file my_file37.cif (mmCIF, C-alpha atoms and all ligand atoms)
data_structure
loop_
_atom_site.label_atom_id
_atom_site.label_comp_id
_atom_site.auth_asym_id
_atom_site.auth_seq_id
_atom_site.Cartn_x
_atom_site.Cartn_y
_atom_site.Cartn_z
CA MET A 1 0.00 0.00 0.00
CA SER A 2 1.37 3.42 -0.90
CA LYS A 3 1.62 6.10 1.76
CA ILE A 4 -1.33 7.97 0.27
CA ALA A 5 -3.46 4.84 0.14
CA LYS A 6 -2.64 4.13 3.79
CA LEU A 7 -3.56 7.66 4.75
CA PHE A 8 -6.96 7.35 3.01
CA PHE A 9 -7.54 3.99 4.64
CA VAL A 10 -6.95 5.42 8.12
CA LEU A 11 -9.05 8.47 7.34
CA PHE A 12 -11.98 6.31 6.18
CA ALA A 13 -11.69 4.10 9.25
CA VAL A 14 -11.78 7.13 11.55
CA VAL A 15 -14.79 8.63 9.78
CA PHE A 16 -16.61 5.29 9.83
CA VAL A 17 -16.10 4.75 13.59
CA PHE A 18 -17.00 8.34 14.38
CA ALA A 19 -20.21 8.14 12.33
CA GLY A 20 -21.15 4.97 14.20
CA CYS A 21 -20.68 6.66 17.59
CA VAL A 22 -22.73 9.67 16.60
CA SER A 23 -25.67 7.83 15.08
CA SER A 24 -26.34 5.17 17.73
CA PRO A 25 -27.52 7.30 20.70
CA GLY A 26 -30.33 8.84 18.61
CA ALA A 27 -31.84 5.43 17.94
CA VAL A 28 -34.02 5.25 21.08
CA GLU A 29 -37.17 3.48 19.96
CA THR A 30 -40.36 5.23 20.99
CA THR A 31 -44.00 4.29 21.13
CA GLU A 32 -47.27 6.07 21.97
CA GLY A 33 -47.82 6.71 25.67
CA PRO A 34 -51.23 6.82 27.38
CA ASN A 35 -54.01 9.17 26.27
CA MET A 36 -53.37 12.50 28.02
CA LEU A 37 -57.03 13.53 27.69
CA VAL A 38 -59.76 12.93 30.23
CA ASN A 39 -63.13 12.10 28.65
CA GLY A 40 -61.78 12.14 25.09
CA ASP A 41 -64.51 9.62 24.27
CA PHE A 42 -67.29 11.89 25.67
CA GLU A 43 -68.81 9.01 27.63
CA ALA A 44 -68.91 11.39 30.65
CA GLY A 45 -70.61 14.24 28.76
CA GLN A 46 -68.94 17.65 28.47
CA ASP A 47 -66.33 17.99 31.21
CA PRO A 48 -63.58 19.25 30.66
CA TRP A 49 -64.35 20.35 27.09
CA THR A 50 -65.41 23.90 26.39
CA PRO A 51 -67.59 25.31 23.62
CA TRP A 52 -66.69 28.45 21.68
CA ILE A 53 -69.43 30.24 19.78
CA ASP A 54 -67.87 33.45 18.45
CA THR A 55 -70.67 35.90 17.71
CA GLY A 56 -68.01 38.55 16.98
CA TRP A 57 -67.18 36.57 13.86
CA GLY A 58 -70.82 35.94 13.03
CA GLY A 59 -71.00 32.45 14.47
CA ALA A 60 -74.16 30.85 15.87
CA GLY A 61 -74.77 27.30 16.96
CA GLU A 62 -74.31 24.91 19.83
CA VAL A 63 -71.94 22.21 21.01
CA ILE A 64 -73.86 19.26 22.45
CA TRP A 65 -72.27 16.45 24.45
CA GLU A 66 -74.70 13.54 24.39
CA ASP A 67 -74.77 9.81 23.60
CA GLY A 68 -70.98 9.57 23.97
CA ILE A 69 -70.14 11.99 21.16
CA ALA A 70 -69.65 15.72 20.70
CA THR A 71 -71.98 17.35 18.18
CA LEU A 72 -71.22 20.80 16.77
CA ARG A 73 -74.38 22.27 15.29
CA VAL A 74 -73.65 25.26 13.08
CA ASP A 75 -76.61 27.63 12.69
CA ASP A 76 -74.45 30.34 11.17
CA ALA A 77 -70.93 29.58 9.95
CA GLY A 78 -69.97 33.24 10.23
CA GLU A 79 -66.67 34.38 8.79
CA ALA A 80 -64.04 32.25 10.50
CA PRO A 81 -63.39 28.57 11.25
CA TRP A 82 -63.49 29.29 15.00
CA ALA A 83 -66.94 30.93 14.87
CA VAL A 84 -68.29 27.56 16.11
CA ALA A 85 -65.65 25.55 17.94
CA MET A 86 -64.73 23.23 20.77
CA HIS A 87 -61.58 23.32 22.91
CA TYR A 88 -59.62 21.14 25.29
CA LYS A 89 -57.37 23.31 27.44
CA LYS A 90 -54.35 22.86 29.72
CA ASN A 91 -52.40 20.16 27.94
CA LEU A 92 -48.75 19.94 29.02
CA ILE A 93 -46.70 20.12 25.82
CA GLU A 94 -42.98 19.68 26.45
CA LYS A 95 -40.18 21.11 24.32
CA ASP A 96 -38.60 18.63 21.89
CA GLU A 97 -41.13 15.89 22.67
CA ARG A 98 -43.24 14.29 19.94
CA TYR A 99 -47.03 13.97 20.13
CA ILE A 100 -49.91 12.55 18.16
CA LEU A 101 -53.44 13.97 18.02
CA ARG A 102 -56.03 11.46 16.87
CA PHE A 103 -59.82 11.65 16.60
CA ASP A 104 -62.87 10.20 14.87
CA ALA A 105 -65.05 12.60 12.89
CA LYS A 106 -67.98 12.72 10.51
CA ALA A 107 -70.52 15.31 9.32
CA ASP A 108 -73.96 15.59 7.76
CA GLU A 109 -72.23 16.46 4.46
CA ASN A 110 -68.69 16.07 3.21
CA ARG A 111 -66.95 19.16 4.52
CA VAL A 112 -63.73 20.62 5.93
CA ILE A 113 -62.98 21.34 9.58
CA ARG A 114 -59.84 22.87 11.07
CA THR A 115 -57.90 21.46 13.98
CA GLY A 116 -54.65 22.45 15.65
CA LEU A 117 -52.91 22.67 19.01
CA GLY A 118 -51.33 25.87 20.28
CA ASN A 119 -51.30 28.26 23.21
CA GLY A 120 -54.75 29.52 22.27
CA LEU A 121 -53.88 33.12 23.12
CA ALA A 122 -53.18 35.06 19.96
CA PRO A 123 -54.00 33.85 16.46
CA ALA A 124 -50.60 35.18 15.34
CA ASP A 125 -48.68 32.84 17.67
CA PRO A 126 -47.33 29.80 15.87
CA PRO A 127 -49.29 26.68 16.79
CA TYR A 128 -47.45 23.63 18.13
CA LEU A 129 -49.39 21.35 15.82
CA ASN A 130 -49.86 23.54 12.79
CA TYR A 131 -53.42 24.22 11.62
CA GLN A 132 -54.85 21.30 9.68
CA ASP A 133 -57.83 21.57 7.39
CA VAL A 134 -59.32 18.10 7.54
CA GLU A 135 -61.68 16.71 4.89
CA ILE A 136 -64.35 14.71 6.68
CA THR A 137 -67.21 12.69 5.22
CA THR A 138 -70.60 11.36 6.28
CA GLU A 139 -68.92 8.17 7.57
CA TRP A 140 -66.91 7.93 10.79
CA GLN A 141 -63.19 7.93 10.04
CA THR A 142 -60.09 8.26 12.18
CA TYR A 143 -57.67 11.12 11.53
CA GLU A 144 -54.26 11.60 13.10
CA PHE A 145 -51.50 14.19 13.08
CA GLU A 146 -48.02 13.94 14.59
CA PHE A 147 -45.90 16.86 15.65
CA LYS A 148 -42.74 17.73 17.53
CA MET A 149 -42.88 20.56 20.07
CA LYS A 150 -40.44 23.16 18.77
CA PHE A 151 -41.24 25.86 21.30
CA ARG A 152 -40.69 26.13 25.06
CA THR A 153 -42.73 23.88 27.32
CA ASP A 154 -46.32 25.06 27.78
CA ARG A 155 -48.79 23.76 30.38
CA PHE A 156 -51.66 25.45 28.60
CA GLY A 157 -51.62 23.76 25.21
CA ARG A 158 -55.08 23.95 23.69
CA ILE A 159 -56.66 21.57 21.20
CA ASP A 160 -59.06 23.33 18.84
CA PHE A 161 -61.79 21.89 16.66
CA ASN A 162 -62.93 24.78 14.49
CA CYS A 163 -66.06 23.83 12.60
CA ALA A 164 -67.50 26.96 10.97
CA ALA A 165 -66.60 28.96 7.82
CA ASN A 166 -63.35 27.70 6.37
CA ALA A 167 -61.59 29.00 3.26
CA GLY A 168 -59.40 25.90 3.21
CA MET A 169 -56.03 27.61 3.34
CA PHE A 170 -54.53 24.68 5.26
CA LEU A 171 -55.90 21.95 2.99
CA PRO A 172 -53.31 19.55 1.57
CA GLU A 173 -51.88 20.56 -1.80
CA GLY A 174 -53.84 19.30 -4.77
CA HIS A 175 -57.20 19.16 -2.95
CA GLY A 176 -60.33 19.41 -5.07
CA TRP A 177 -62.38 21.89 -3.02
CA THR A 178 -63.68 25.05 -4.65
CA GLU A 179 -64.35 28.19 -2.64
CA GLU A 180 -68.05 27.74 -3.34
CA GLN A 181 -68.12 24.13 -2.08
CA LEU A 182 -66.29 25.12 1.08
CA PHE A 183 -68.79 27.90 1.70
CA GLU A 184 -71.86 25.78 0.95
CA THR A 185 -70.86 22.95 3.29
CA SER A 186 -69.58 25.06 6.18
CA SER A 187 -72.83 24.77 8.17
CA ALA A 188 -73.04 20.95 8.08
CA THR A 189 -73.25 19.48 11.58
CA VAL A 190 -69.98 17.92 12.79
CA TYR A 191 -69.66 14.88 15.07
CA LEU A 192 -66.48 14.02 17.02
CA ASP A 193 -65.47 11.05 19.16
CA ASN A 194 -62.45 9.21 20.61
CA VAL A 195 -60.10 12.17 20.81
CA GLU A 196 -56.60 11.22 21.91
CA LEU A 197 -53.44 13.19 22.59
CA ARG A 198 -50.44 10.97 23.23
CA LYS A 199 -46.78 11.69 23.84
CA PHE A 200 -44.20 9.38 22.30
CA VAL A 201 -42.18 7.70 25.06
CA PRO A 202 -39.25 5.24 24.99
CA VAL A 203 -40.47 1.69 24.46
CA GLU A 204 -38.90 0.58 27.77
CA GLU A 205 -40.78 3.28 29.69
CA ALA A 206 -44.09 2.27 28.08
CA ALA A 207 -43.58 -1.37 29.14
CA GLU A 208 -43.19 -0.47 32.84
CA CA B 1 -67.76 7.96 22.58
#
call {"tool": "encode", "arguments": {"input": "my_file37.cif", "output": "structure tokens", "more": "lines below"}}
Ligand SMILES: [Ca+2]
result
Amino acid sequence: MSKIAKLFFVLFAVVFVFAGCVSSPGAVETTEGPNMLVNGDFEAGQDPWTPWIDTGWGGAGEVIWEDGIATLRVDDAGEAPWAVAMHYKKNLIEKDERYILRFDAKADENRVIRTGLGNGLAPADPPYLNYQDVEITTEWQTYEFEFKMKFRTDRFGRIDFNCAANAGMFLPEGHGWTEEQLFETSSATVYLDNVELRKFVPVEEAAE
């Protein structure tokens, strides 16, 4: 082996070993922890969910917790998705941790609702789980969204289900909704069930 070949060989060996050391600690396997929500299945009625009917944005309607589901009746969709909404407050969302929000939803007509999880204070604040415009149908289906908390730990993370007027600006790319369709379906009653918020935890911790 020439001197140069030897030098490359050593260099490659060093890089290879170093790469191995760096990559292995990040490989902690995680799994979903327990549901952080109380009464996410609505079997106990309303508590601790809160309704939000925003008359300032032209909203009218009612959130009804009966028969083990949450029903959002929209009498007037107003001018914003949150004009008729439902919240779950005070979720501890920890910096750098990963979470999954999962729920079942359907409506009286195919329509779009908006969900998200943030501090719930100012609309301009970046949400922790970015706003999601979710296409729901007349059949129950399960929807889920994962996110990593990029901001400082917050004990007041709020889950929003915004079920009124929605211009669809957070729909996935390539969706087929027209402005007119979004408008025409924005008053369709929405039904929600089995809401879960789970933090990803190391597999070993979950087994304990
Ligand atoms: Ca239920």
call {"tool": "closest_residue", "arguments": {"input": "my_file37.cif", "among": "A:Trp52, A:Phe42, A:Tyr88, A:Tyr143", "to": "Glu66 (chain A)", "atoms": "only C-alpha atoms"}}
result
A:Phe42
call {"tool": "atom_distance", "arguments": {"input": "my_file37.cif", "atom1": "CA of Trp82 (chain A)", "atom2": "CA of Ile159 (chain A)"}}
result
12.0 Å
call {"tool": "residues_near_point", "arguments": {"input": "my_file37.cif", "point": "(-63.1, 26.0, 27.6)", "cutoff": "7 Å", "atoms": "all atoms listed in the file", "output": "list of chain:residue names"}}
result
A:Trp49, A:Thr50, A:Pro51, A:His87, A:Tyr88, A:Lys89
call {"tool": "write_last_selection", "arguments": {"input": "my_file37.cif", "atoms": "C-alpha atoms", "output": "short mmCIF file (atom, residue, chain, number, x, y, z; two decimals), keeping the file's coordinate frame"}}
result
data_model
loop_
_atom_site.label_atom_id
_atom_site.label_comp_id
_atom_site.auth_asym_id
_atom_site.auth_seq_id
_atom_site.Cartn_x
_atom_site.Cartn_y
_atom_site.Cartn_z
CA TRP A 49 -64.35 20.35 27.09
CA THR A 50 -65.41 23.90 26.39
CA PRO A 51 -67.59 25.31 23.62
CA HIS A 87 -61.58 23.32 22.91
CA TYR A 88 -59.62 21.14 25.29
CA LYS A 89 -57.37 23.31 27.44
#
call {"tool": "residues_near_ligand", "arguments": {"input": "my_file37.cif", "ligand": "ligand CA 1 (chain B)", "cutoff": "8 Å", "atoms": "all atoms listed in the file", "output": "CSV table (one decimal) with C-alpha atoms, in the coordinates of the input"}}
result
chain,number,residue,atom,x,y,z
A,40,GLY,CA,-61.8,12.1,25.1
A,41,ASP,CA,-64.5,9.6,24.3
A,42,PHE,CA,-67.3,11.9,25.7
A,43,GLU,CA,-68.8,9.0,27.6
A,67,ASP,CA,-74.8,9.8,23.6
A,68,GLY,CA,-71.0,9.6,24.0
A,69,ILE,CA,-70.1,12.0,21.2
A,193,ASP,CA,-65.5,11.0,19.2
A,194,ASN,CA,-62.4,9.2,20.6
call {"tool": "residues_around", "arguments": {"input": "my_file37.cif", "residues": "region 173-189 of chain A", "least_positions_apart": "6", "cutoff": "12 Å", "atoms": "only C-alpha atoms", "output": "PyMOL selection string"}}
result
chain A and resi 59-64+70-85+105-114+132-138+162-167
call {"tool": "build_atoms", "arguments": {"input": "my_file37.cif", "residues": "region 101-137 of chain A", "atoms": "N, CA and C atoms", "output": "short mmCIF file (atom, residue, chain, number, x, y, z; two decimals), in the coordinates of the input"}}
result
data_model
loop_
_atom_site.label_atom_id
_atom_site.label_comp_id
_atom_site.auth_asym_id
_atom_site.auth_seq_id
_atom_site.Cartn_x
_atom_site.Cartn_y
_atom_site.Cartn_z
N LEU A 101 -52.02 13.64 17.78
CA LEU A 101 -53.44 13.97 18.02
C LEU A 101 -54.26 13.10 17.08
N ARG A 102 -55.23 12.40 17.66
CA ARG A 102 -56.03 11.46 16.87
C ARG A 102 -57.50 11.63 17.25
N PHE A 103 -58.39 11.53 16.29
CA PHE A 103 -59.82 11.65 16.60
C PHE A 103 -60.65 11.00 15.50
N ASP A 104 -61.89 10.67 15.85
CA ASP A 104 -62.87 10.20 14.87
C ASP A 104 -63.79 11.37 14.54
N ALA A 105 -64.17 11.50 13.28
CA ALA A 105 -65.05 12.60 12.89
C ALA A 105 -65.94 12.19 11.73
N LYS A 106 -67.12 12.81 11.68
CA LYS A 106 -67.98 12.72 10.51
C LYS A 106 -68.86 13.97 10.49
N ALA A 107 -69.64 14.14 9.43
CA ALA A 107 -70.52 15.31 9.32
C ALA A 107 -71.75 14.93 8.51
N ASP A 108 -72.74 15.84 8.52
CA ASP A 108 -73.96 15.59 7.76
C ASP A 108 -73.73 15.68 6.25
N GLU A 109 -72.65 16.37 5.87
CA GLU A 109 -72.23 16.46 4.46
C GLU A 109 -70.72 16.40 4.44
N ASN A 110 -70.14 15.97 3.34
CA ASN A 110 -68.69 16.07 3.21
C ASN A 110 -68.30 17.53 3.39
N ARG A 111 -67.34 17.77 4.27
CA ARG A 111 -66.95 19.16 4.52
C ARG A 111 -65.54 19.22 5.09
N VAL A 112 -65.08 20.41 5.41
CA VAL A 112 -63.73 20.62 5.93
C VAL A 112 -63.82 21.26 7.30
N ILE A 113 -63.09 20.70 8.27
CA ILE A 113 -62.98 21.34 9.58
C ILE A 113 -61.49 21.63 9.83
N ARG A 114 -61.23 22.52 10.77
CA ARG A 114 -59.84 22.87 11.07
C ARG A 114 -59.49 22.46 12.50
N THR A 115 -58.37 21.77 12.64
CA THR A 115 -57.90 21.46 13.98
C THR A 115 -56.47 21.98 14.13
N GLY A 116 -55.99 21.97 15.36
CA GLY A 116 -54.65 22.45 15.65
C GLY A 116 -54.45 22.42 17.15
N LEU A 117 -53.21 22.63 17.57
CA LEU A 117 -52.91 22.67 19.01
C LEU A 117 -51.87 23.77 19.22
N GLY A 118 -52.25 24.76 20.05
CA GLY A 118 -51.33 25.87 20.28
C GLY A 118 -51.56 26.44 21.66
N ASN A 119 -51.10 27.68 21.88
CA ASN A 119 -51.30 28.26 23.21
C ASN A 119 -52.67 28.92 23.35
N GLY A 120 -53.39 29.04 22.22
CA GLY A 120 -54.75 29.52 22.27
C GLY A 120 -54.90 30.98 22.64
N LEU A 121 -53.80 31.72 22.68
CA LEU A 121 -53.88 33.12 23.12
C LEU A 121 -54.08 34.07 21.95
N ALA A 122 -53.10 34.14 21.08
CA ALA A 122 -53.18 35.06 19.96
C ALA A 122 -53.11 34.27 18.66
N PRO A 123 -54.00 34.59 17.73
CA PRO A 123 -54.00 33.85 16.46
C PRO A 123 -52.65 33.93 15.75
N ALA A 124 -51.87 34.99 16.03
CA ALA A 124 -50.60 35.18 15.34
C ALA A 124 -49.50 34.27 15.89
N ASP A 125 -49.70 33.73 17.10
CA ASP A 125 -48.68 32.84 17.67
C ASP A 125 -48.61 31.55 16.87
N PRO A 126 -47.40 31.05 16.63
CA PRO A 126 -47.33 29.80 15.87
C PRO A 126 -47.89 28.64 16.67
N PRO A 127 -48.75 27.84 16.07
CA PRO A 127 -49.29 26.68 16.79
C PRO A 127 -48.22 25.60 16.93
N TYR A 128 -48.40 24.73 17.91
CA TYR A 128 -47.45 23.63 18.13
C TYR A 128 -47.71 22.53 17.10
N LEU A 129 -48.98 22.15 16.98
CA LEU A 129 -49.39 21.35 15.82
C LEU A 129 -50.02 22.34 14.86
N ASN A 130 -49.39 22.53 13.73
CA ASN A 130 -49.86 23.54 12.79
C ASN A 130 -51.33 23.28 12.41
N TYR A 131 -52.03 24.35 12.03
CA TYR A 131 -53.42 24.22 11.62
C TYR A 131 -53.56 23.17 10.53
N GLN A 132 -54.57 22.35 10.66
CA GLN A 132 -54.85 21.30 9.68
C GLN A 132 -56.29 21.46 9.22
N ASP A 133 -56.48 21.63 7.93
CA ASP A 133 -57.83 21.57 7.39
C ASP A 133 -58.09 20.12 7.00
N VAL A 134 -59.09 19.53 7.66
CA VAL A 134 -59.32 18.10 7.54
C VAL A 134 -60.60 17.85 6.75
N GLU A 135 -60.50 17.05 5.71
CA GLU A 135 -61.68 16.71 4.89
C GLU A 135 -62.39 15.54 5.55
N ILE A 136 -63.60 15.79 6.04
CA ILE A 136 -64.35 14.71 6.68
C ILE A 136 -65.58 14.38 5.84
N THR A 137 -66.10 13.17 6.05
CA THR A 137 -67.21 12.69 5.22
C THR A 137 -68.41 12.34 6.10
#
